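Chemist: One file is attached below, work-v1.pdb, containing PDB, C-alpha atoms.
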ATOM      1  CA  MET N  19      67.771 -24.633  31.225
ATOM      2  CA  THR N  20      67.840 -24.217  27.451
ATOM      3  CA  ASN N  21      64.808 -23.137  25.435
ATOM      4  CA  LYS N  22      64.667 -26.587  23.818
ATOM      5  CA  LYS N  23      64.448 -28.307  27.204
ATOM      6  CA  SER N  24      61.847 -25.845  28.481
ATOM      7  CA  LEU N  25      59.726 -26.508  25.399
ATOM      8  CA  ALA N  26      60.181 -30.252  25.881
ATOM      9  CA  TYR N  27      58.814 -30.017  29.440
ATOM     10  CA  ILE N  28      55.816 -27.957  28.262
ATOM     11  CA  LYS N  29      55.079 -30.535  25.583
ATOM     12  CA  LEU N  30      55.367 -33.342  28.142
ATOM     13  CA  ILE N  31      52.763 -31.729  30.377
ATOM     14  CA  ALA N  32      50.428 -31.356  27.400
ATOM     15  CA  VAL N  33      50.990 -34.986  26.427
ATOM     16  CA  ILE N  34      50.131 -36.210  29.925
ATOM     17  CA  LEU N  35      46.852 -34.261  29.845
ATOM     18  CA  ILE N  36      46.012 -35.681  26.410
ATOM     19  CA  TRP N  37      46.943 -39.262  27.330
ATOM     20  CA  ALA N  38      44.978 -39.118  30.588
ATOM     21  CA  GLY N  39      41.894 -38.252  28.541
ATOM     22  CA  VAL N  40      42.522 -41.248  26.272
ATOM     23  CA  TYR N  41      41.625 -43.682  29.065
ATOM     24  CA  HIS N  42      38.065 -42.345  29.185
ATOM     25  CA  VAL N  43      37.694 -41.878  25.425
ATOM     26  CA  ALA N  44      38.942 -45.435  24.911
ATOM     27  CA  LYS N  45      36.280 -46.716  27.327
ATOM     28  CA  TYR N  46      33.590 -45.239  25.071
ATOM     29  CA  LEU N  47      35.236 -46.714  21.966
ATOM     30  CA  VAL N  48      35.582 -50.262  23.334
ATOM     31  CA  ASN N  49      31.884 -50.143  24.234
ATOM     32  CA  SER N  50      31.172 -49.340  20.572
ATOM     33  CA  THR N  51      33.336 -51.974  18.868
ATOM     34  CA  ASP N  52      36.202 -54.414  19.459
ATOM     35  CA  ALA N  53      39.784 -53.606  20.512
ATOM     36  CA  PHE N  54      41.292 -54.894  17.246
ATOM     37  CA  THR N  55      39.251 -52.484  15.156
ATOM     38  CA  ILE N  56      39.959 -49.481  17.384
ATOM     39  CA  ALA N  57      43.711 -50.100  17.513
ATOM     40  CA  PHE N  58      43.946 -50.475  13.723
ATOM     41  CA  LEU N  59      41.816 -47.420  12.934
ATOM     42  CA  ARG N  60      43.800 -45.328  15.407
ATOM     43  CA  PHE N  61      47.109 -45.944  13.702
ATOM     44  CA  LEU N  62      45.777 -46.091  10.171
ATOM     45  CA  ILE N  63      44.572 -42.498  10.531
ATOM     46  CA  ALA N  64      47.684 -41.452  12.446
ATOM     47  CA  SER N  65      50.101 -43.093   9.995
ATOM     48  CA  ILE N  66      48.556 -41.355   6.991
ATOM     49  CA  ILE N  67      48.921 -37.971   8.695
ATOM     50  CA  LEU N  68      52.442 -38.703   9.989
ATOM     51  CA  LEU N  69      53.617 -39.865   6.570
ATOM     52  CA  GLY N  70      52.303 -36.656   5.003
ATOM     53  CA  ILE N  71      54.132 -34.552   7.603
ATOM     54  CA  TYR N  72      57.303 -36.598   7.154
ATOM     55  CA  PHE N  73      57.369 -36.222   3.358
ATOM     56  CA  ALA N  74      56.580 -32.510   3.653
ATOM     57  CA  LYS N  75      59.607 -32.069   5.924
ATOM     58  CA  HIS N  76      62.122 -34.545   4.495
ATOM     59  CA  GLY N  77      60.874 -35.177   0.955
ATOM     60  CA  VAL N  78      60.231 -38.523  -0.718
ATOM     61  CA  LYS N  79      63.785 -39.092  -1.972
ATOM     62  CA  GLY N  80      65.784 -41.210   0.436
ATOM     63  CA  ALA N  81      62.922 -41.500   2.937
ATOM     64  CA  PHE N  82      63.136 -45.292   3.102
ATOM     65  CA  VAL N  83      66.893 -45.554   2.626
ATOM     66  CA  LYS N  84      68.245 -46.189   6.129
ATOM     67  CA  PRO N  85      70.952 -48.421   7.586
ATOM     68  CA  ASP N  86      69.881 -51.917   8.649
ATOM     69  CA  SER N  87      70.478 -51.064  12.325
ATOM     70  CA  HIS N  88      67.944 -48.243  12.057
ATOM     71  CA  TRP N  89      65.302 -50.487  10.532
ATOM     72  CA  VAL N  90      65.786 -53.176  13.156
ATOM     73  CA  MET N  91      65.160 -50.596  15.879
ATOM     74  CA  LEU N  92      62.121 -49.137  14.097
ATOM     75  CA  TRP N  93      60.604 -52.590  13.644
ATOM     76  CA  LEU N  94      61.108 -53.334  17.344
ATOM     77  CA  ILE N  95      59.483 -50.047  18.374
ATOM     78  CA  GLY N  96      56.577 -50.670  15.999
ATOM     79  CA  LEU N  97      56.043 -54.228  17.208
ATOM     80  CA  ILE N  98      56.396 -53.536  20.942
ATOM     81  CA  GLY N  99      55.471 -49.878  21.437
ATOM     82  CA  ILE N 100      52.704 -49.612  18.839
ATOM     83  CA  PHE N 101      51.253 -53.034  18.035
ATOM     84  CA  SER N 102      51.574 -54.825  21.387
ATOM     85  CA  TYR N 103      50.907 -51.810  23.585
ATOM     86  CA  ASN N 104      47.684 -50.869  21.796
ATOM     87  CA  LEU N 105      46.248 -54.380  21.788
ATOM     88  CA  PHE N 106      47.014 -54.760  25.496
ATOM     89  CA  PHE N 107      45.717 -51.282  26.325
ATOM     90  CA  PHE N 108      42.403 -51.493  24.465
ATOM     91  CA  GLY N 109      41.953 -55.077  25.624
ATOM     92  CA  ALA N 110      42.316 -53.930  29.243
ATOM     93  CA  GLU N 111      39.954 -51.004  28.638
ATOM     94  CA  SER N 112      37.293 -53.428  27.393
ATOM     95  CA  LEU N 113      37.445 -55.426  30.631
ATOM     96  CA  ILE N 114      38.146 -53.028  33.523
ATOM     97  CA  SER N 115      37.602 -49.360  34.365
ATOM     98  CA  ALA N 116      39.654 -46.546  32.854
ATOM     99  CA  ASN N 117      40.834 -45.476  36.316
ATOM    100  CA  LYS N 118      42.113 -48.973  37.067
ATOM    101  CA  VAL N 119      43.994 -49.231  33.762
ATOM    102  CA  ALA N 120      45.644 -45.879  34.524
ATOM    103  CA  ILE N 121      46.710 -47.064  37.976
ATOM    104  CA  PHE N 122      48.411 -50.133  36.515
ATOM    105  CA  PHE N 123      50.114 -47.914  33.953
ATOM    106  CA  ALA N 124      51.863 -46.137  36.844
ATOM    107  CA  PHE N 125      54.123 -49.171  37.130
ATOM    108  CA  SER N 126      55.587 -48.474  33.663
ATOM    109  CA  PRO N 127      58.374 -46.094  34.845
ATOM    110  CA  CYS N 128      59.697 -48.758  37.231
ATOM    111  CA  ILE N 129      59.883 -51.254  34.376
ATOM    112  CA  THR N 130      61.591 -48.574  32.315
ATOM    113  CA  VAL N 131      64.287 -48.281  34.987
ATOM    114  CA  ILE N 132      64.987 -52.008  34.808
ATOM    115  CA  LEU N 133      65.122 -52.012  30.997
ATOM    116  CA  ASN N 134      67.366 -48.943  31.130
ATOM    117  CA  ARG N 135      69.804 -50.968  33.168
ATOM    118  CA  ILE N 136      69.656 -53.988  30.862
ATOM    119  CA  ILE N 137      69.586 -52.279  27.462
ATOM    120  CA  LEU N 138      71.100 -48.832  27.963
ATOM    121  CA  LYS N 139      73.454 -49.901  30.790
ATOM    122  CA  GLU N 140      72.369 -47.075  33.120
ATOM    123  CA  LYS N 141      73.256 -47.415  36.792
ATOM    124  CA  ILE N 142      70.525 -48.277  39.322
ATOM    125  CA  PHE N 143      70.985 -47.160  42.944
ATOM    126  CA  PRO N 144      70.246 -49.787  45.629
ATOM    127  CA  LEU N 145      67.303 -47.844  47.054
ATOM    128  CA  ALA N 146      65.669 -47.926  43.615
ATOM    129  CA  TYR N 147      65.210 -51.679  43.964
ATOM    130  CA  VAL N 148      63.181 -51.021  47.120
ATOM    131  CA  GLY N 149      60.955 -48.674  45.132
ATOM    132  CA  ILE N 150      60.461 -51.283  42.417
ATOM    133  CA  VAL N 151      59.370 -53.890  44.985
ATOM    134  CA  ILE N 152      56.959 -51.409  46.627
ATOM    135  CA  ALA N 153      55.402 -50.577  43.263
ATOM    136  CA  LEU N 154      55.078 -54.283  42.450
ATOM    137  CA  LEU N 155      53.285 -54.938  45.755
ATOM    138  CA  GLY N 156      50.912 -52.066  45.023
ATOM    139  CA  THR N 157      50.178 -53.532  41.597
ATOM    140  CA  ILE N 158      49.338 -56.913  43.147
ATOM    141  CA  GLY N 159      47.155 -55.059  45.657
ATOM    142  CA  VAL N 160      45.103 -53.470  42.875
ATOM    143  CA  ILE N 161      44.510 -56.905  41.355
ATOM    144  CA  ASN N 162      43.204 -58.300  44.637
ATOM    145  CA  THR N 163      41.165 -55.351  45.894
ATOM    146  CA  SER N 164      39.469 -54.975  42.505
ATOM    147  CA  GLN N 165      37.804 -58.395  42.861
ATOM    148  CA  LYS N 166      35.284 -58.050  45.681
ATOM    149  CA  THR N 167      33.591 -61.388  44.937
ATOM    150  CA  ASP N 168      36.777 -63.366  45.485
ATOM    151  CA  PRO N 169      38.868 -62.517  48.562
ATOM    152  CA  ALA N 170      41.575 -65.030  47.661
ATOM    153  CA  TYR N 171      44.990 -63.472  47.219
ATOM    154  CA  VAL N 172      46.472 -63.803  43.732
ATOM    155  CA  CYS N 173      49.907 -63.141  42.305
ATOM    156  CA  LEU N 174      51.190 -62.019  38.912
ATOM    157  CA  THR N 175      52.265 -65.569  38.057
ATOM    158  CA  ASP N 176      48.799 -67.053  38.653
ATOM    159  CA  ILE N 177      46.275 -64.843  36.876
ATOM    160  CA  HIS N 178      42.740 -66.250  36.869
ATOM    161  CA  PRO N 179      40.720 -65.669  33.658
ATOM    162  CA  LYS N 180      38.537 -63.148  35.461
ATOM    163  CA  HIS N 181      41.664 -61.061  36.087
ATOM    164  CA  TRP N 182      42.516 -60.763  32.379
ATOM    165  CA  GLY N 183      41.761 -57.039  32.369
ATOM    166  CA  GLU N 184      44.362 -56.394  35.053
ATOM    167  CA  PHE N 185      46.834 -58.749  33.380
ATOM    168  CA  LEU N 186      46.496 -56.949  30.029
ATOM    169  CA  ALA N 187      46.955 -53.602  31.792
ATOM    170  CA  ILE N 188      50.229 -54.880  33.278
ATOM    171  CA  LEU N 189      51.374 -56.049  29.838
ATOM    172  CA  SER N 190      50.569 -52.606  28.413
ATOM    173  CA  ALA N 191      52.840 -51.070  31.075
ATOM    174  CA  PHE N 192      55.658 -53.404  30.018
ATOM    175  CA  ALA N 193      55.098 -52.544  26.353
ATOM    176  CA  MET N 194      55.221 -48.795  27.060
ATOM    177  CA  ALA N 195      58.419 -49.260  29.054
ATOM    178  CA  GLY N 196      59.885 -51.062  26.057
ATOM    179  CA  TYR N 197      58.803 -48.177  23.847
ATOM    180  CA  ASN N 198      60.522 -45.688  26.179
ATOM    181  CA  VAL N 199      63.875 -47.456  26.131
ATOM    182  CA  LEU N 200      63.869 -48.434  22.452
ATOM    183  CA  ASN N 201      62.918 -44.858  21.554
ATOM    184  CA  LYS N 202      66.005 -43.570  23.373
ATOM    185  CA  LYS N 203      68.124 -46.264  21.755
ATOM    186  CA  ALA N 204      66.863 -45.147  18.338
ATOM    187  CA  SER N 205      67.700 -41.512  19.096
ATOM    188  CA  ARG N 206      71.252 -42.593  19.943
ATOM    189  CA  LEU N 207      71.450 -44.042  16.441
ATOM    190  CA  GLY N 208      70.722 -40.574  15.080
ATOM    191  CA  LEU N 209      67.008 -40.934  14.311
ATOM    192  CA  ASP N 210      64.883 -37.845  14.994
ATOM    193  CA  ALA N 211      61.527 -37.928  16.788
ATOM    194  CA  LEU N 212      59.419 -37.545  13.610
ATOM    195  CA  THR N 213      61.226 -40.405  11.878
ATOM    196  CA  ILE N 214      60.864 -42.684  14.899
ATOM    197  CA  THR N 215      57.177 -41.891  15.328
ATOM    198  CA  THR N 216      56.292 -42.107  11.625
ATOM    199  CA  PHE N 217      57.960 -45.373  10.698
ATOM    200  CA  SER N 218      57.243 -47.196  13.962
ATOM    201  CA  SER N 219      53.579 -46.234  13.493
ATOM    202  CA  LEU N 220      53.585 -47.575   9.925
ATOM    203  CA  ILE N 221      55.127 -50.847  11.087
ATOM    204  CA  GLY N 222      52.715 -51.121  14.004
ATOM    205  CA  THR N 223      49.782 -50.441  11.673
ATOM    206  CA  LEU N 224      50.863 -53.337   9.462
ATOM    207  CA  PHE N 225      50.624 -55.776  12.370
ATOM    208  CA  LEU N 226      47.387 -54.194  13.605
ATOM    209  CA  PHE N 227      45.889 -54.638  10.132
ATOM    210  CA  ILE N 228      46.561 -58.381  10.325
ATOM    211  CA  THR N 229      44.759 -58.720  13.676
ATOM    212  CA  PHE N 230      41.949 -56.506  12.380
ATOM    213  CA  VAL N 231      41.395 -58.778   9.372
ATOM    214  CA  LEU N 232      41.470 -61.888  11.563
ATOM    215  CA  PHE N 233      39.496 -60.698  14.581
ATOM    216  CA  GLY N 234      38.103 -57.209  13.896
ATOM    217  CA  GLY N 235      34.646 -55.963  13.015
ATOM    218  CA  LYS N 236      32.991 -55.670   9.616
ATOM    219  CA  VAL N 237      33.955 -52.682   7.477
ATOM    220  CA  ILE N 238      30.321 -51.851   6.710
ATOM    221  CA  ASP N 239      29.548 -51.604  10.431
ATOM    222  CA  ILE N 240      32.522 -49.297  11.000
ATOM    223  CA  ILE N 241      31.516 -46.940   8.194
ATOM    224  CA  HIS N 242      28.064 -46.445   9.715
ATOM    225  CA  LYS N 243      29.315 -45.546  13.182
ATOM    226  CA  PRO N 244      27.846 -42.290  14.606
ATOM    227  CA  LEU N 245      29.642 -38.935  14.544
ATOM    228  CA  GLN N 246      30.537 -39.221  18.233
ATOM    229  CA  PHE N 247      32.502 -42.397  17.486
ATOM    230  CA  TRP N 248      34.574 -40.698  14.779
ATOM    231  CA  VAL N 249      35.222 -37.641  16.951
ATOM    232  CA  ALA N 250      36.589 -39.998  19.607
ATOM    233  CA  MET N 251      38.698 -41.788  16.983
ATOM    234  CA  LEU N 252      40.147 -38.482  15.782
ATOM    235  CA  TYR N 253      41.023 -37.589  19.371
ATOM    236  CA  ILE N 254      43.052 -40.741  19.956
ATOM    237  CA  SER N 255      44.469 -40.736  16.398
ATOM    238  CA  ILE N 256      45.499 -37.095  15.994
ATOM    239  CA  LEU N 257      45.932 -35.661  19.490
ATOM    240  CA  ALA N 258      46.996 -38.768  21.391
ATOM    241  CA  THR N 259      49.014 -40.364  18.587
ATOM    242  CA  VAL N 260      50.287 -37.884  16.000
ATOM    243  CA  VAL N 261      50.822 -35.075  18.516
ATOM    244  CA  GLY N 262      51.303 -37.166  21.664
ATOM    245  CA  TYR N 263      53.754 -39.763  20.367
ATOM    246  CA  LYS N 264      55.727 -37.160  18.412
ATOM    247  CA  TRP N 265      56.072 -34.785  21.388
ATOM    248  CA  TYR N 266      56.840 -37.630  23.790
ATOM    249  CA  SER N 267      59.486 -39.037  21.460
ATOM    250  CA  ASN N 268      60.956 -35.549  21.155
ATOM    251  CA  ALA N 269      61.085 -35.257  24.969
ATOM    252  CA  ILE N 270      62.901 -38.588  25.263
ATOM    253  CA  CYS N 271      65.457 -37.429  22.697
ATOM    254  CA  GLU N 272      65.876 -34.038  24.391
ATOM    255  CA  LEU N 273      65.616 -34.894  28.110
ATOM    256  CA  GLY N 274      66.426 -38.579  28.304
ATOM    257  CA  VAL N 275      64.222 -41.617  28.833
ATOM    258  CA  GLY N 276      64.305 -41.390  32.650
ATOM    259  CA  GLN N 277      63.359 -37.737  32.894
ATOM    260  CA  ALA N 278      60.573 -38.149  30.329
ATOM    261  CA  SER N 279      59.075 -41.363  31.700
ATOM    262  CA  ILE N 280      58.824 -39.952  35.246
ATOM    263  CA  PHE N 281      56.046 -37.665  33.976
ATOM    264  CA  GLN N 282      53.908 -40.756  33.360
ATOM    265  CA  ASN N 283      53.554 -41.032  37.143
ATOM    266  CA  SER N 284      50.922 -38.305  37.049
ATOM    267  CA  ILE N 285      48.694 -40.048  34.477
ATOM    268  CA  PRO N 286      46.650 -42.081  37.006
ATOM    269  CA  PHE N 287      45.861 -39.009  39.130
ATOM    270  CA  VAL N 288      44.937 -36.908  36.092
ATOM    271  CA  THR N 289      42.811 -39.756  34.719
ATOM    272  CA  VAL N 290      40.943 -40.157  38.003
ATOM    273  CA  LEU N 291      40.484 -36.381  38.232
ATOM    274  CA  ILE N 292      38.996 -36.243  34.735
ATOM    275  CA  GLY N 293      36.697 -39.151  35.528
ATOM    276  CA  VAL N 294      35.432 -37.550  38.724
ATOM    277  CA  ALA N 295      35.163 -33.982  37.397
ATOM    278  CA  VAL N 296      33.764 -34.694  33.935
ATOM    279  CA  LEU N 297      32.122 -38.118  34.037
ATOM    280  CA  GLY N 298      31.095 -38.351  37.691
ATOM    281  CA  ASN N 299      33.038 -41.602  38.184
ATOM    282  CA  THR N 300      33.916 -43.029  41.578
ATOM    283  CA  ILE N 301      36.758 -45.272  42.719
ATOM    284  CA  SER N 302      36.927 -47.403  45.856
ATOM    285  CA  PRO N 303      39.273 -46.394  48.712
ATOM    286  CA  ASP N 304      41.177 -49.716  48.666
ATOM    287  CA  VAL N 305      41.996 -49.373  44.966
ATOM    288  CA  ILE N 306      43.112 -45.780  45.590
ATOM    289  CA  LEU N 307      45.329 -46.977  48.457
ATOM    290  CA  SER N 308      46.938 -49.625  46.271
ATOM    291  CA  GLY N 309      47.428 -47.024  43.557
ATOM    292  CA  ILE N 310      49.155 -44.712  46.040
ATOM    293  CA  VAL N 311      51.504 -47.551  46.986
ATOM    294  CA  ILE N 312      52.429 -47.928  43.302
ATOM    295  CA  ILE N 313      53.052 -44.188  42.969
ATOM    296  CA  ILE N 314      55.253 -44.147  46.101
ATOM    297  CA  GLY N 315      57.336 -46.977  44.692
ATOM    298  CA  VAL N 316      57.589 -45.326  41.290
ATOM    299  CA  ILE N 317      58.628 -41.951  42.718
ATOM    300  CA  LEU N 318      61.176 -43.573  45.034
ATOM    301  CA  THR N 319      62.608 -45.510  42.101
ATOM    302  CA  ASN N 320      62.921 -42.474  39.862
ATOM    303  CA  ILE N 321      64.328 -40.122  42.521
ATOM    304  CA  THR N 322      67.100 -42.549  43.439
ATOM    305  CA  THR N 323      67.840 -43.568  39.882
ATOM    306  CA  PHE N 324      67.867 -40.249  38.095
ATOM    307  CA  LYS N 325      69.259 -37.926  40.723
ATOM    308  CA  LYS N 326      72.318 -35.953  39.661
ATOM    309  CA  ARG N 327      75.606 -37.733  40.173
TER     310      ARG N 327
END
Go through the file and emit its structure as C-alpha cells.

Modeler:
Amino acid sequence: MTNKKSLAYIKLIAVILIWAGVYHVAKYLVNSTDAFTIAFLRFLIASIILLGIYFAKHGVKGAFVKPDSHWVMLWLIGLIGIFSYNLFFFGAESLISANKVAIFFAFSPCITVILNRIILKEKIFPLAYVGIVIALLGTIGVINTSQKTDPAYVCLTDIHPKHWGEFLAILSAFAMAGYNVLNKKASRLGLDALTITTFSSLIGTLFLFITFVLFGGKVIDIIHKPLQFWVAMLYISILATVVGYKWYSNAICELGVGQASIFQNSIPFVTVLIGVAVLGNTISPDVILSGIVIIIGVILTNITTFKKR
C-alpha cells in the first residue's frame, strides 16, 4: 500500500468520526433555528474558507477558466451533494432523532453501488442485489418500528406526513450517494479534490442562499445567537465541511468511490456510541435490529461488489 493510500485511509477514519458527531451537533442547531438558515450558514462559512485556501494554492488567474464539461459536473455536485443533501439532512434532523437519521444514512452505500453501475458502468455481482434488497427491507423496518402509535405497515411509496423525518433521511442518503458517484466522475475529468470541494460548495451555497431568503430566519435573530450556537456552526462548517468534504473527496479520488463509501457503514454505530457515551441517549431494540439489517445488507453489497477480480 502506497503512502498516499495509507494517508487516505487515515483521513477517512477521521472524517467518519467528525461526521458522526455532526448528527448530534445538528440536533442542537435545528432546535435553535430552522434548517434553511443552518444549511446556508454552514456553507457560507465553509465556502469563504475554501475559496481562500484555493486561491492561496492555485492563484486567482485562471481559477474560473474551466472546460464546460467540468462546470456541468461541478454544478451537479453542488446541486445534489451540497444543496439537496443539506436541506434533506437538516430537515430530517429537525423531525427525528440523530441516531435514526444515522441509521437511514447507512443505506447510502447501497444506492452508491446502483449509481456506480448506471453512471460509471461498474459491474455488480448477483449477490450484491440480495444485499441491496436486505438493506431496503431494514430501511422500511426502521420507518415502521419508529412509529409506536401506529402499527400499520408502510412502504417507501406511501409515506404518511408523520413519516416526513424518515422520508427526508432517505432522500439525504440518495443525495450523498449522488455526491459519491459524481465526485468520482469529476476526478476522472482531471479535477482535484480541493477544486471539486471549493466550487461545488460555492454553487451549493448559491442555492442555499435562495432558500434562506425565502424560508429562513431573520438576520438580526441569527446575529444574536449565543456563543454555543456559533461554536456548533464552526464545527459543522470547518471540521465537517472544509476538512471533512475535502478529505472525503480526496479519498474518493485516491481509493475509488466504492472503497471510500464503504466507510460510511460505520457512521450509524459511531453516532449511536457518541449519543450513549456523551449525551446519555437511548435507542429502542427494534430500531437497533432494523438498523443491523440495513448494515448487513450494506456490507454484503459492498463485499460482493468491490472484491478483487

Chemist: Running the PyMOL selection byres ((chain N and resi 96-112) around 8) on this model by hand, what would come out? Give it as a ChimeraX atom specification.

Modeler: /N:41,44-45,48-49,53-54,56-57,92-95,113-116,119,182-187,189-191,193-194,196-197,217-223,225-226

Chemist: Within 6 Å of (41.4, -54.8, 12.5) (file coordinates; all atoms listed in the file), which protein or nucleic acid residues are there? I'd like them as a list in words.

Modeler: Phe54, Thr55, Phe58, Phe227, Thr229, Phe230, Val231 and Gly234 of chain N

Chemist: Determine the residue membership of the PyMOL selection byres ((chain N and resi 267-276) around 7) for the file above and supply it as a ChimeraX atom specification.

Modeler: /N:23,26,30,198-199,201-202,205,211,263-266,277-280,324

Chemist: Pull out every residue that the PyMOL selection byres ((chain N and resi 287) around 10) matches in the shown coordinates and put them as a list in words.

Modeler: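 Answer for the PyMOL selection byres ((chain N and resi 287) around 10): Ala38, Asn117, Ala120, Ile121, Ala124, Asn283, Ser284, Ile285, Pro286, Val288, Thr289, Val290, Leu291, Ile292, Gly293, Ile306, Gly309, Ile310 and Ile313 of chain N.
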
Chemist: Would you work out the distance separating CA of Leu138 in chain N from CA of Ile321 in chain N, expressed in Å to one decimal?

Modeler: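 Atom-to-atom, CA of Leu138 in chain N to CA of Ile321 in chain N, that is 18.3 Å.
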
Chemist: Could you jot down the CA of Ala258 in chain N to CA of Ile36 in chain N separation for me, Å, one decimal place?

Modeler: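 These atoms are spaced 6.0 Å apart.
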
Chemist: Figure out the distance between CA of Phe122 in chain N and CA of Gln246 in chain N, please, to one decimal in Å.

Modeler: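 So the answer is 27.8 Å.
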
Chemist: Which protein, DNA or RNA residues are at most 10 Å from (56.0, -49.7, 46.2) in the file's coordinates when you count only C-alpha atoms, listed as a short mmCIF file (atom, residue, chain, number, x, y, z; two decimals) with C-alpha atoms, in the frame of the given file?

Modeler:
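Everything below was put into selection20.cif:
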data_model
loop_
_atom_site.label_atom_id
_atom_site.label_comp_id
_atom_site.auth_asym_id
_atom_site.auth_seq_id
_atom_site.Cartn_x
_atom_site.Cartn_y
_atom_site.Cartn_z
CA PHE N 125 54.12 -49.17 37.13
CA CYS N 128 59.70 -48.76 37.23
CA TYR N 147 65.21 -51.68 43.96
CA VAL N 148 63.18 -51.02 47.12
CA GLY N 149 60.96 -48.67 45.13
CA ILE N 150 60.46 -51.28 42.42
CA VAL N 151 59.37 -53.89 44.98
CA ILE N 152 56.96 -51.41 46.63
CA ALA N 153 55.40 -50.58 43.26
CA LEU N 154 55.08 -54.28 42.45
CA LEU N 155 53.28 -54.94 45.76
CA GLY N 156 50.91 -52.07 45.02
CA THR N 157 50.18 -53.53 41.60
CA SER N 308 46.94 -49.62 46.27
CA GLY N 309 47.43 -47.02 43.56
CA ILE N 310 49.16 -44.71 46.04
CA VAL N 311 51.50 -47.55 46.99
CA ILE N 312 52.43 -47.93 43.30
CA ILE N 313 53.05 -44.19 42.97
CA ILE N 314 55.25 -44.15 46.10
CA GLY N 315 57.34 -46.98 44.69
CA VAL N 316 57.59 -45.33 41.29
CA ILE N 317 58.63 -41.95 42.72
CA LEU N 318 61.18 -43.57 45.03
CA THR N 319 62.61 -45.51 42.10
#

Chemist: Mind completing range 183-198 of chain N with N, CA and C atoms? Output as a tab-separated table (two decimals), keeping the file's coordinate frame, please?

Modeler:
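Ended up saving to rebuild.tsv:
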chain	number	residue	atom	x	y	z
N	183	GLY	N	41.68	-58.48	32.57
N	183	GLY	CA	41.76	-57.04	32.37
N	183	GLY	C	42.98	-56.46	33.06
N	184	GLU	N	43.20	-56.86	34.31
N	184	GLU	CA	44.36	-56.39	35.05
N	184	GLU	C	45.66	-56.90	34.43
N	185	PHE	N	45.64	-58.16	33.99
N	185	PHE	CA	46.83	-58.75	33.38
N	185	PHE	C	47.22	-58.01	32.09
N	186	LEU	N	46.23	-57.69	31.26
N	186	LEU	CA	46.50	-56.95	30.03
N	186	LEU	C	47.01	-55.54	30.33
N	187	ALA	N	46.49	-54.94	31.40
N	187	ALA	CA	46.96	-53.60	31.79
N	187	ALA	C	48.43	-53.65	32.20
N	188	ILE	N	48.82	-54.71	32.89
N	188	ILE	CA	50.23	-54.88	33.28
N	188	ILE	C	51.10	-55.04	32.03
N	189	LEU	N	50.62	-55.85	31.08
N	189	LEU	CA	51.37	-56.05	29.84
N	189	LEU	C	51.52	-54.74	29.06
N	190	SER	N	50.48	-53.90	29.11
N	190	SER	CA	50.57	-52.61	28.41
N	190	SER	C	51.63	-51.72	29.06
N	191	ALA	N	51.80	-51.83	30.39
N	191	ALA	CA	52.84	-51.07	31.08
N	191	ALA	C	54.23	-51.55	30.64
N	192	PHE	N	54.38	-52.86	30.50
N	192	PHE	CA	55.66	-53.40	30.02
N	192	PHE	C	55.94	-52.94	28.59
N	193	ALA	N	54.91	-52.95	27.75
N	193	ALA	CA	55.10	-52.54	26.35
N	193	ALA	C	55.48	-51.07	26.26
N	194	MET	N	54.87	-50.22	27.08
N	194	MET	CA	55.22	-48.80	27.06
N	194	MET	C	56.64	-48.59	27.57
N	195	ALA	N	57.04	-49.35	28.57
N	195	ALA	CA	58.42	-49.26	29.05
N	195	ALA	C	59.40	-49.64	27.95
N	196	GLY	N	59.05	-50.67	27.19
N	196	GLY	CA	59.88	-51.06	26.06
N	196	GLY	C	59.96	-49.96	25.02
N	197	TYR	N	58.83	-49.31	24.79
N	197	TYR	CA	58.80	-48.18	23.85
N	197	TYR	C	59.72	-47.06	24.33
N	198	ASN	N	59.69	-46.75	25.62
N	198	ASN	CA	60.52	-45.69	26.18
N	198	ASN	C	62.00	-45.94	25.90
